[in-house]
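Undergrad: structure35.cif is reproduced below (mmCIF, C-alpha atoms and all ligand atoms).
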data_target
loop_
_atom_site.label_atom_id
_atom_site.label_comp_id
_atom_site.auth_asym_id
_atom_site.auth_seq_id
_atom_site.Cartn_x
_atom_site.Cartn_y
_atom_site.Cartn_z
CA MET N 1120 11.91 -4.02 5.48
CA ARG N 1121 12.87 -1.02 3.41
CA THR N 1122 11.00 2.15 4.14
CA ILE N 1123 10.45 5.24 2.09
CA GLU N 1124 9.01 8.61 3.03
CA ILE N 1125 6.80 10.61 0.68
CA ALA N 1126 5.88 14.28 1.04
CA GLN N 1127 2.98 15.75 -0.93
CA PHE N 1128 2.29 19.46 -1.23
CA ALA N 1129 0.12 21.81 -3.29
CA CYS N 1130 1.59 23.87 -6.15
CA LEU N 1131 0.09 26.40 -8.59
CA SER N 1132 -3.72 26.24 -8.76
CA ASP N 1133 -4.28 22.48 -8.80
CA ASN N 1134 -0.90 20.68 -9.12
CA TYR N 1135 0.70 18.46 -6.50
CA GLY N 1136 4.41 18.27 -5.89
CA PHE N 1137 5.95 15.13 -4.38
CA LEU N 1138 9.24 14.30 -2.70
CA VAL N 1139 10.39 10.70 -2.25
CA HIS N 1140 13.02 10.20 0.44
CA ASP N 1141 15.09 7.12 1.26
CA PRO N 1142 16.08 7.56 4.92
CA LYS N 1143 18.96 5.06 4.73
CA SER N 1144 20.91 6.67 1.89
CA GLY N 1145 19.50 10.17 2.31
CA GLN N 1146 18.65 10.32 -1.39
CA THR N 1147 15.59 12.41 -2.25
CA ALA N 1148 13.78 12.71 -5.58
CA CYS N 1149 11.31 15.40 -6.57
CA ILE N 1150 8.64 14.31 -9.04
CA ASP N 1151 8.37 17.13 -11.56
CA THR N 1152 8.97 20.81 -10.81
CA PRO N 1153 5.62 22.61 -10.80
CA GLU N 1154 6.93 25.43 -8.59
CA THR N 1155 10.30 26.24 -6.95
CA GLY N 1156 9.20 27.76 -3.62
CA PRO N 1157 7.01 24.89 -2.36
CA VAL N 1158 9.63 22.29 -3.40
CA MET N 1159 12.40 24.09 -1.51
CA GLN N 1160 10.14 24.63 1.53
CA ALA N 1161 9.17 20.95 1.58
CA LEU N 1162 12.86 19.98 1.49
CA ASP N 1163 13.90 22.48 4.16
CA ALA N 1164 11.03 21.56 6.49
CA ARG N 1165 12.29 17.96 6.58
CA GLY N 1166 16.02 18.61 6.34
CA TRP N 1167 16.19 16.64 3.09
CA GLN N 1168 18.67 17.36 0.29
CA LEU N 1169 17.50 16.90 -3.27
CA SER N 1170 19.49 14.34 -5.23
CA HIS N 1171 17.18 13.90 -8.27
CA ILE N 1172 14.37 15.38 -10.27
CA TRP N 1173 12.24 12.74 -11.97
CA ASN N 1174 10.29 14.39 -14.79
CA THR N 1175 7.17 12.71 -16.15
CA HIS N 1176 6.66 14.92 -19.24
CA HIS N 1177 7.62 18.25 -20.77
CA HIS N 1178 4.64 20.47 -19.90
CA PHE N 1179 5.52 23.69 -18.11
CA ASP N 1180 3.73 22.74 -14.88
CA HIS N 1181 5.94 19.61 -14.70
CA ALA N 1182 9.38 20.65 -16.00
CA GLY N 1183 9.18 24.46 -15.96
CA ASN N 1184 11.31 24.97 -12.84
CA ASN N 1185 13.93 22.30 -13.53
CA LEU N 1186 16.82 24.71 -14.07
CA GLU N 1187 16.06 26.87 -11.04
CA ILE N 1188 15.81 23.86 -8.71
CA LYS N 1189 18.90 22.22 -10.23
CA GLU N 1190 20.85 25.42 -9.66
CA LYS N 1191 19.77 25.60 -6.01
CA THR N 1192 20.40 21.93 -5.20
CA GLY N 1193 22.88 20.49 -7.69
CA CYS N 1194 20.51 17.60 -8.30
CA GLN N 1195 20.56 15.26 -11.31
CA ILE N 1196 17.62 15.48 -13.72
CA ILE N 1197 16.12 12.28 -15.09
CA GLY N 1198 13.38 12.53 -17.70
CA PRO N 1199 11.58 10.96 -20.64
CA ALA N 1200 13.80 9.96 -23.58
CA GLY N 1201 10.93 10.57 -26.00
CA GLU N 1202 10.87 14.28 -25.23
CA ALA N 1203 14.40 14.83 -23.87
CA ASP N 1204 14.84 17.83 -26.18
CA LYS N 1205 12.00 19.58 -24.29
CA ILE N 1206 13.18 18.81 -20.72
CA PRO N 1207 15.34 21.67 -19.41
CA GLY N 1208 18.64 20.52 -17.87
CA ILE N 1209 18.08 16.81 -18.47
CA ASP N 1210 21.07 14.63 -17.50
CA VAL N 1211 19.69 11.11 -17.99
CA ALA N 1212 16.99 10.13 -20.50
CA VAL N 1213 14.96 7.01 -19.68
CA ASP N 1214 12.09 5.08 -21.19
CA ASP N 1215 9.93 1.97 -20.79
CA GLY N 1216 11.71 -0.88 -19.01
CA ASP N 1217 14.62 1.19 -17.69
CA LYS N 1218 15.62 0.64 -14.07
CA LEU N 1219 16.64 3.38 -11.67
CA SER N 1220 17.28 3.40 -7.96
CA LEU N 1221 16.77 5.66 -4.98
CA GLY N 1222 19.22 4.32 -2.42
CA GLU N 1223 18.46 0.60 -2.36
CA HIS N 1224 14.93 1.05 -3.73
CA ALA N 1225 14.38 -0.20 -7.25
CA VAL N 1226 12.48 2.13 -9.57
CA SER N 1227 10.96 0.96 -12.86
CA VAL N 1228 10.17 3.34 -15.69
CA LEU N 1229 6.95 2.84 -17.64
CA ASN N 1230 6.17 4.60 -20.91
CA VAL N 1231 2.63 5.94 -20.57
CA GLY N 1232 2.54 8.16 -23.65
CA GLY N 1233 -0.63 9.72 -25.00
CA HIS N 1234 -1.08 12.96 -23.04
CA THR N 1235 2.38 13.75 -24.42
CA LEU N 1236 4.22 11.36 -26.73
CA GLY N 1237 7.09 10.49 -24.38
CA HIS N 1238 5.26 10.66 -21.01
CA ILE N 1239 6.72 8.26 -18.42
CA ALA N 1240 5.74 7.04 -14.94
CA TYR N 1241 7.99 5.96 -12.07
CA HIS N 1242 7.07 2.75 -10.23
CA LEU N 1243 8.61 1.68 -6.91
CA PRO N 1244 7.48 -1.96 -6.74
CA GLU N 1245 8.85 -2.80 -3.26
CA THR N 1246 6.93 -0.03 -1.53
CA HIS N 1247 3.95 -0.16 -3.95
CA ASN N 1248 4.07 3.45 -5.11
CA ALA N 1249 3.70 4.88 -8.62
CA PHE N 1250 4.13 8.49 -9.75
CA VAL N 1251 2.09 8.87 -12.90
CA GLY N 1252 2.10 12.58 -13.77
CA ASP N 1253 -0.78 13.47 -16.10
CA SER N 1254 -1.44 9.94 -17.43
CA LEU N 1255 -3.91 8.57 -14.88
CA PHE N 1256 -5.92 10.74 -12.49
CA ALA N 1257 -8.27 9.85 -9.67
CA LEU N 1258 -11.45 9.00 -11.63
CA GLY N 1259 -9.89 10.41 -14.79
CA CYS N 1260 -7.03 10.33 -17.26
CA GLY N 1261 -4.95 12.92 -19.05
CA ARG N 1262 -6.27 14.66 -22.13
CA VAL N 1263 -4.79 13.07 -25.26
CA PHE N 1264 -2.81 16.02 -26.65
CA GLU N 1265 0.02 14.42 -28.64
CA GLY N 1266 -0.61 10.70 -28.94
CA THR N 1267 -3.49 8.61 -30.24
CA MET N 1268 -6.43 7.17 -28.35
CA ALA N 1269 -4.96 3.70 -28.92
CA GLN N 1270 -1.63 4.77 -27.41
CA MET N 1271 -3.35 6.29 -24.38
CA TRP N 1272 -5.44 3.18 -23.86
CA ALA N 1273 -2.33 0.97 -24.03
CA SER N 1274 -0.64 3.24 -21.49
CA LEU N 1275 -3.57 3.08 -19.08
CA GLN N 1276 -3.61 -0.71 -19.32
CA LYS N 1277 0.01 -0.79 -18.09
CA LEU N 1278 -1.07 1.17 -15.03
CA THR N 1279 -4.16 -0.99 -14.55
CA ASP N 1280 -1.84 -4.01 -14.46
CA LEU N 1281 0.06 -2.70 -11.43
CA PRO N 1282 -0.58 -4.87 -8.35
CA ASP N 1283 -3.52 -4.25 -6.06
CA GLY N 1284 -2.50 -1.95 -3.26
CA THR N 1285 -0.29 0.23 -5.46
CA THR N 1286 -0.62 3.85 -4.41
CA ILE N 1287 -1.07 6.18 -7.38
CA TYR N 1288 0.31 9.71 -7.10
CA CYS N 1289 -1.22 11.83 -9.86
CA ALA N 1290 -0.14 15.38 -10.56
CA HIS N 1291 -3.43 17.30 -10.31
CA GLU N 1292 -6.42 17.71 -8.01
CA TYR N 1293 -9.04 17.19 -10.73
CA THR N 1294 -11.09 14.63 -8.87
CA ALA N 1295 -14.32 16.55 -8.17
CA ALA N 1296 -14.76 17.43 -11.86
CA ASN N 1297 -13.76 13.90 -12.86
CA ALA N 1298 -16.35 12.47 -10.46
CA ALA N 1299 -19.15 14.49 -12.02
CA PHE N 1300 -18.21 13.14 -15.43
CA ALA N 1301 -17.66 9.55 -14.23
CA ILE N 1302 -21.15 9.31 -12.76
CA SER N 1303 -22.58 10.58 -16.08
CA VAL N 1304 -21.23 7.55 -17.99
CA ASP N 1305 -21.44 4.95 -15.19
CA PRO N 1306 -24.50 6.01 -13.16
CA ASP N 1307 -25.40 2.58 -11.78
CA ASN N 1308 -21.96 1.72 -10.32
CA ALA N 1309 -22.52 1.49 -6.54
CA ASP N 1310 -18.78 1.67 -5.78
CA LEU N 1311 -18.56 4.85 -7.84
CA GLN N 1312 -21.62 6.38 -6.13
CA GLU N 1313 -20.02 5.74 -2.71
CA ARG N 1314 -16.72 7.17 -3.88
CA VAL N 1315 -18.36 10.33 -5.20
CA ARG N 1316 -19.87 10.87 -1.73
CA GLN N 1317 -16.42 10.49 -0.13
CA ILE N 1318 -14.82 12.86 -2.65
CA THR N 1319 -17.48 15.50 -2.11
CA ALA N 1320 -16.92 15.33 1.66
CA LEU N 1321 -13.11 15.55 1.30
CA ARG N 1322 -13.31 18.56 -1.00
CA GLU N 1323 -15.81 20.33 1.24
CA ASP N 1324 -13.19 20.00 3.99
CA GLY N 1325 -10.48 21.27 1.61
CA LYS N 1326 -8.66 17.93 1.80
CA PRO N 1327 -6.77 16.25 -1.10
CA THR N 1328 -8.21 13.24 -2.91
CA VAL N 1329 -4.70 12.31 -4.10
CA PRO N 1330 -3.08 9.81 -3.80
CA THR N 1331 -5.45 7.10 -4.93
CA GLU N 1332 -5.10 3.30 -5.15
CA ILE N 1333 -5.11 1.23 -8.32
CA GLY N 1334 -7.77 -1.26 -7.17
CA LEU N 1335 -10.13 1.59 -6.39
CA GLU N 1336 -9.47 3.11 -9.82
CA ARG N 1337 -10.14 -0.23 -11.52
CA ALA N 1338 -13.51 -0.40 -9.78
CA THR N 1339 -14.62 3.20 -10.31
CA ASN N 1340 -12.60 5.05 -12.99
CA PRO N 1341 -14.58 4.91 -16.27
CA PHE N 1342 -11.39 5.36 -18.35
CA LEU N 1343 -10.15 1.99 -17.01
CA ARG N 1344 -13.52 0.29 -17.51
CA PRO N 1345 -14.39 0.28 -21.25
CA HIS N 1346 -15.06 -3.48 -20.93
CA ASP N 1347 -17.82 -2.85 -18.37
CA ALA N 1348 -21.28 -3.98 -19.50
CA GLY N 1349 -23.06 -1.12 -17.74
CA ILE N 1350 -20.90 1.57 -19.34
CA ARG N 1351 -21.21 -0.10 -22.75
CA ALA N 1352 -24.97 -0.25 -22.48
CA HIS N 1353 -25.11 3.37 -21.39
CA LEU N 1354 -23.02 4.40 -24.43
CA ASN N 1355 -24.87 2.11 -26.85
CA MET N 1356 -21.57 0.37 -27.65
CA THR N 1357 -22.27 -3.19 -26.56
CA ASP N 1358 -20.20 -4.85 -29.30
CA ALA N 1359 -17.41 -2.28 -29.72
CA ALA N 1360 -13.71 -2.89 -29.04
CA ASP N 1361 -12.36 -1.68 -25.68
CA VAL N 1362 -10.20 0.94 -27.39
CA ASP N 1363 -13.22 2.41 -29.18
CA VAL N 1364 -15.24 2.58 -25.97
CA PHE N 1365 -12.27 4.23 -24.27
CA ALA N 1366 -12.01 6.75 -27.13
CA GLU N 1367 -15.72 7.57 -26.86
CA ILE N 1368 -15.42 8.14 -23.09
CA ARG N 1369 -12.33 10.35 -23.55
CA SER N 1370 -14.07 12.38 -26.30
CA ARG N 1371 -17.15 12.90 -24.16
CA LYS N 1372 -14.99 14.15 -21.28
CA ASP N 1373 -13.30 16.66 -23.59
CA SER N 1374 -16.64 18.39 -24.14
CA PHE N 1375 -18.27 17.68 -20.75
ZN ZN U 1 0.53 17.79 -18.69
FE FE U 2 -0.09 18.92 -15.75
#
Would you mind writing the file's structure down as structure tokens?

TA:
Amino acid sequence: MRTIEIAQFACLSDNYGFLVHDPKSGQTACIDTPETGPVMQALDARGWQLSHIWNTHHHFDHAGNNLEIKEKTGCQIIGPAGEADKIPGIDVAVDDGDKLSLGEHAVSVLNVGGHTLGHIAYHLPETHNAFVGDSLFALGCGRVFEGTMAQMWASLQKLTDLPDGTTIYCAHEYTAANAAFAISVDPDNADLQERVRQITALREDGKPTVPTEIGLERATNPFLRPHDAGIRAHLNMTDAADVDVFAEIRSRKDSF
């Protein structure tokens, strides 16, 4: 049984930083570089040495501290091929279907473009973990800045297809705002109503709602549920294609 250790810590106003550590080899990857201080503190607190940065996309709160952290640690930077020219210090460019490793752990790269064109996610199938950046959020999804609605919907379907029990590490604590929107388009979903109660309680205690789990997202995240009869009825889109229902939900969230 191969084990992996994951550290999660707050950065900036609402980002999360993550470290993934393979105890056997000692290799440690940092998912994105939202802030230098908290990353270095998280490493030092555990006695881990950074071997890799895995960038999900080029936005400043994800790749902005690449060079500083590389200089301090000598790590290798892996990032999205589709936006390699915007990833500071990139050493290895990867895209959909590429295989990486952390020690003996296999890591699969998924292209989940839409928020940015080249956005990628990192999936560790043996330990059922996925680091998804700003593609999928707890009860939400990333704003479609660079890609098309169809591209974003295709990307989200790849994440929806991950096996039940896959833990989803998203890059922001946006869940309370996402919950308020979700209930506005899917008001009769009992699973969602229960989840909103849990999220409210967690946030009142100042606790994170990240990570989440893919089965829970499938049942409650409206951006993964354009096929749902209740949502379709609520939007007056009973006969529309899934991608069009998704696009309507995403547009409504943009102005919510
Ligand atoms: Zn972003
Ligand atoms: Fe972000």

Undergrad: State, in Å with one decimal place, the distance from CA of Ala1273 (chain N) to CA of Ile1123 (chain N).

TA: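 So the answer is 29.4 Å.
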
Undergrad: Between CA of Asp1151 (chain N) and CA of Ile1188 (chain N), what distance in Å does the model show, to one decimal?

TA: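 Calculated distance between CA of Asp1151 (chain N) and CA of Ile1188 (chain N) is 10.4 Å.
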
Undergrad: Applying 7 Å and only C-alpha atoms, which residues near region 1194-1210 of chain N remain after dropping the ones on its own chain fewer than 3 positions away? List them as an MDAnalysis selection string.

TA: chainID N and resid 1169:1177 1182 1185:1186 1189 1213:1214 1236:1239

Undergrad: Which residues sit within 10 Å of ligand ZN 1 (chain U), counting only C-alpha atoms and all ligand atoms, listed as an NGL selection string?

TA: :N and (1175-1182 or 1234-1235 or 1238 or 1252-1254 or 1261-1264 or 1290-1291)

Undergrad: With only C-alpha atoms as the counted atoms, please give the residues lying no more than 8 Å from Ala1249 (chain N), apart from itself and same-chain residues fewer than 2 positions off, as a compact mmCIF listing (two decimals) with C-alpha atoms, in the frame of the given file.

TA:
# COMPACT_ATOMS: atom_id res chain seq x y z
CA ALA N 1240 5.74 7.04 -14.94
CA TYR N 1241 7.99 5.96 -12.07
CA HIS N 1242 7.07 2.75 -10.23
CA LEU N 1243 8.61 1.68 -6.91
CA HIS N 1247 3.95 -0.16 -3.95
CA VAL N 1251 2.09 8.87 -12.90
CA THR N 1285 -0.29 0.23 -5.46
CA THR N 1286 -0.62 3.85 -4.41
CA ILE N 1287 -1.07 6.18 -7.38
CA TYR N 1288 0.31 9.71 -7.10

Undergrad: Between N:Val1364, N:Leu1162, N:Met1356, N:Ala1320, which is the closest to Arg1344 (chain N) once you count all atoms listed in the file?

TA: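 Comparing N:Val1364, N:Leu1162, N:Met1356, N:Ala1320 against Arg1344 (chain N), the winner is N:Val1364.
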
Undergrad: With a distance cut-off of 8 Å and all atoms listed in the file, select the neighbouring residues of Thr1155 (chain N), excluding the residue or stretch itself and same-chain residues fewer than 4 positions from it, and output the selection as a short mmCIF file (atom, residue, chain, number, x, y, z; two decimals) with C-alpha atoms, in the coordinates of the input.

TA:
data_model
loop_
_atom_site.label_atom_id
_atom_site.label_comp_id
_atom_site.auth_asym_id
_atom_site.auth_seq_id
_atom_site.Cartn_x
_atom_site.Cartn_y
_atom_site.Cartn_z
CA MET N 1159 12.40 24.09 -1.51
CA ASN N 1184 11.31 24.97 -12.84
CA GLU N 1187 16.06 26.87 -11.04
CA ILE N 1188 15.81 23.86 -8.71
#

Undergrad: Between CA of Phe1256 (chain N) and CA of Asp1324 (chain N), what distance in Å does the model show, to one decimal?

TA: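 Distance between the two atoms: 20.3 Å.
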
Undergrad: Starting from the sparse input, extend region 1204-1215 of chain N to all heavy atoms and give the output as an mmCIF file, in the frame of the given file.

TA:
data_model
loop_
_atom_site.group_PDB
_atom_site.id
_atom_site.type_symbol
_atom_site.label_atom_id
_atom_site.label_comp_id
_atom_site.auth_asym_id
_atom_site.auth_seq_id
_atom_site.Cartn_x
_atom_site.Cartn_y
_atom_site.Cartn_z
ATOM 1 N N ASP N 1204 14.494 16.514 -25.632
ATOM 2 C CA ASP N 1204 14.840 17.830 -26.180
ATOM 3 C C ASP N 1204 13.959 18.943 -25.600
ATOM 4 O O ASP N 1204 14.234 20.122 -25.789
ATOM 5 C CB ASP N 1204 14.723 17.810 -27.712
ATOM 6 C CG ASP N 1204 13.347 17.400 -28.207
ATOM 7 O OD1 ASP N 1204 12.633 16.667 -27.475
ATOM 8 O OD2 ASP N 1204 12.961 17.825 -29.311
ATOM 9 N N LYS N 1205 12.896 18.583 -24.887
ATOM 10 C CA LYS N 1205 12.000 19.580 -24.290
ATOM 11 C C LYS N 1205 12.099 19.622 -22.771
ATOM 12 O O LYS N 1205 11.299 20.301 -22.122
ATOM 13 C CB LYS N 1205 10.553 19.282 -24.685
ATOM 14 C CG LYS N 1205 10.286 19.364 -26.180
ATOM 15 C CD LYS N 1205 8.852 18.945 -26.477
ATOM 16 C CE LYS N 1205 8.568 19.011 -27.970
ATOM 17 N NZ LYS N 1205 7.387 18.191 -28.325
ATOM 18 N N ILE N 1206 13.042 18.853 -22.188
ATOM 19 C CA ILE N 1206 13.180 18.810 -20.720
ATOM 20 C C ILE N 1206 14.409 19.633 -20.337
ATOM 21 O O ILE N 1206 15.543 19.201 -20.553
ATOM 22 C CB ILE N 1206 13.354 17.350 -20.223
ATOM 23 C CG1 ILE N 1206 12.194 16.455 -20.679
ATOM 24 C CG2 ILE N 1206 13.511 17.326 -18.702
ATOM 25 C CD1 ILE N 1206 10.863 16.703 -20.007
ATOM 26 N N PRO N 1207 14.194 20.821 -19.748
ATOM 27 C CA PRO N 1207 15.340 21.670 -19.410
ATOM 28 C C PRO N 1207 16.304 20.977 -18.450
ATOM 29 O O PRO N 1207 15.872 20.411 -17.439
ATOM 30 C CB PRO N 1207 14.688 22.888 -18.733
ATOM 31 C CG PRO N 1207 13.268 22.897 -19.222
ATOM 32 C CD PRO N 1207 12.913 21.457 -19.416
ATOM 33 N N GLY N 1208 17.600 21.025 -18.775
ATOM 34 C CA GLY N 1208 18.640 20.520 -17.870
ATOM 35 C C GLY N 1208 18.729 19.025 -17.733
ATOM 36 O O GLY N 1208 19.383 18.523 -16.806
ATOM 37 N N ILE N 1209 18.102 18.272 -18.635
ATOM 38 C CA ILE N 1209 18.080 16.810 -18.470
ATOM 39 C C ILE N 1209 19.500 16.226 -18.507
ATOM 40 O O ILE N 1209 20.316 16.599 -19.337
ATOM 41 C CB ILE N 1209 17.156 16.152 -19.526
ATOM 42 C CG1 ILE N 1209 16.929 14.670 -19.205
ATOM 43 C CG2 ILE N 1209 17.707 16.348 -20.929
ATOM 44 C CD1 ILE N 1209 15.796 14.044 -20.018
ATOM 45 N N ASP N 1210 19.780 15.316 -17.560
ATOM 46 C CA ASP N 1210 21.070 14.630 -17.500
ATOM 47 C C ASP N 1210 20.969 13.190 -17.985
ATOM 48 O O ASP N 1210 21.893 12.672 -18.595
ATOM 49 C CB ASP N 1210 21.597 14.608 -16.052
ATOM 50 C CG ASP N 1210 21.878 15.996 -15.524
ATOM 51 O OD1 ASP N 1210 22.726 16.697 -16.107
ATOM 52 O OD2 ASP N 1210 21.230 16.397 -14.527
ATOM 53 N N VAL N 1211 19.860 12.528 -17.658
ATOM 54 C CA VAL N 1211 19.690 11.110 -17.990
ATOM 55 C C VAL N 1211 18.308 10.918 -18.604
ATOM 56 O O VAL N 1211 17.293 11.284 -17.996
ATOM 57 C CB VAL N 1211 19.808 10.230 -16.713
ATOM 58 C CG1 VAL N 1211 19.637 8.760 -17.072
ATOM 59 C CG2 VAL N 1211 21.132 10.458 -16.005
ATOM 60 N N ALA N 1212 18.258 10.380 -19.813
ATOM 61 C CA ALA N 1212 16.990 10.130 -20.500
ATOM 62 C C ALA N 1212 16.622 8.655 -20.347
ATOM 63 O O ALA N 1212 17.450 7.777 -20.603
ATOM 64 C CB ALA N 1212 17.108 10.498 -21.968
ATOM 65 N N VAL N 1213 15.392 8.395 -19.924
ATOM 66 C CA VAL N 1213 14.960 7.010 -19.680
ATOM 67 C C VAL N 1213 13.631 6.735 -20.363
ATOM 68 O O VAL N 1213 12.891 7.666 -20.709
ATOM 69 C CB VAL N 1213 14.824 6.727 -18.161
ATOM 70 C CG1 VAL N 1213 16.177 6.804 -17.469
ATOM 71 C CG2 VAL N 1213 13.818 7.680 -17.512
ATOM 72 N N ASP N 1214 13.349 5.460 -20.549
ATOM 73 C CA ASP N 1214 12.090 5.080 -21.190
ATOM 74 C C ASP N 1214 11.655 3.700 -20.682
ATOM 75 O O ASP N 1214 12.318 3.103 -19.826
ATOM 76 C CB ASP N 1214 12.243 5.100 -22.711
ATOM 77 C CG ASP N 1214 10.931 5.459 -23.413
ATOM 78 O OD1 ASP N 1214 9.843 5.294 -22.819
ATOM 79 O OD2 ASP N 1214 11.000 5.908 -24.579
ATOM 80 N N ASP N 1215 10.580 3.200 -21.246
ATOM 81 C CA ASP N 1215 9.930 1.970 -20.790
ATOM 82 C C ASP N 1215 10.932 0.847 -20.530
ATOM 83 O O ASP N 1215 11.736 0.517 -21.403
ATOM 84 C CB ASP N 1215 8.932 1.526 -21.856
ATOM 85 C CG ASP N 1215 7.868 0.603 -21.294
ATOM 86 O OD1 ASP N 1215 7.156 1.024 -20.367
ATOM 87 O OD2 ASP N 1215 7.764 -0.542 -21.774
#
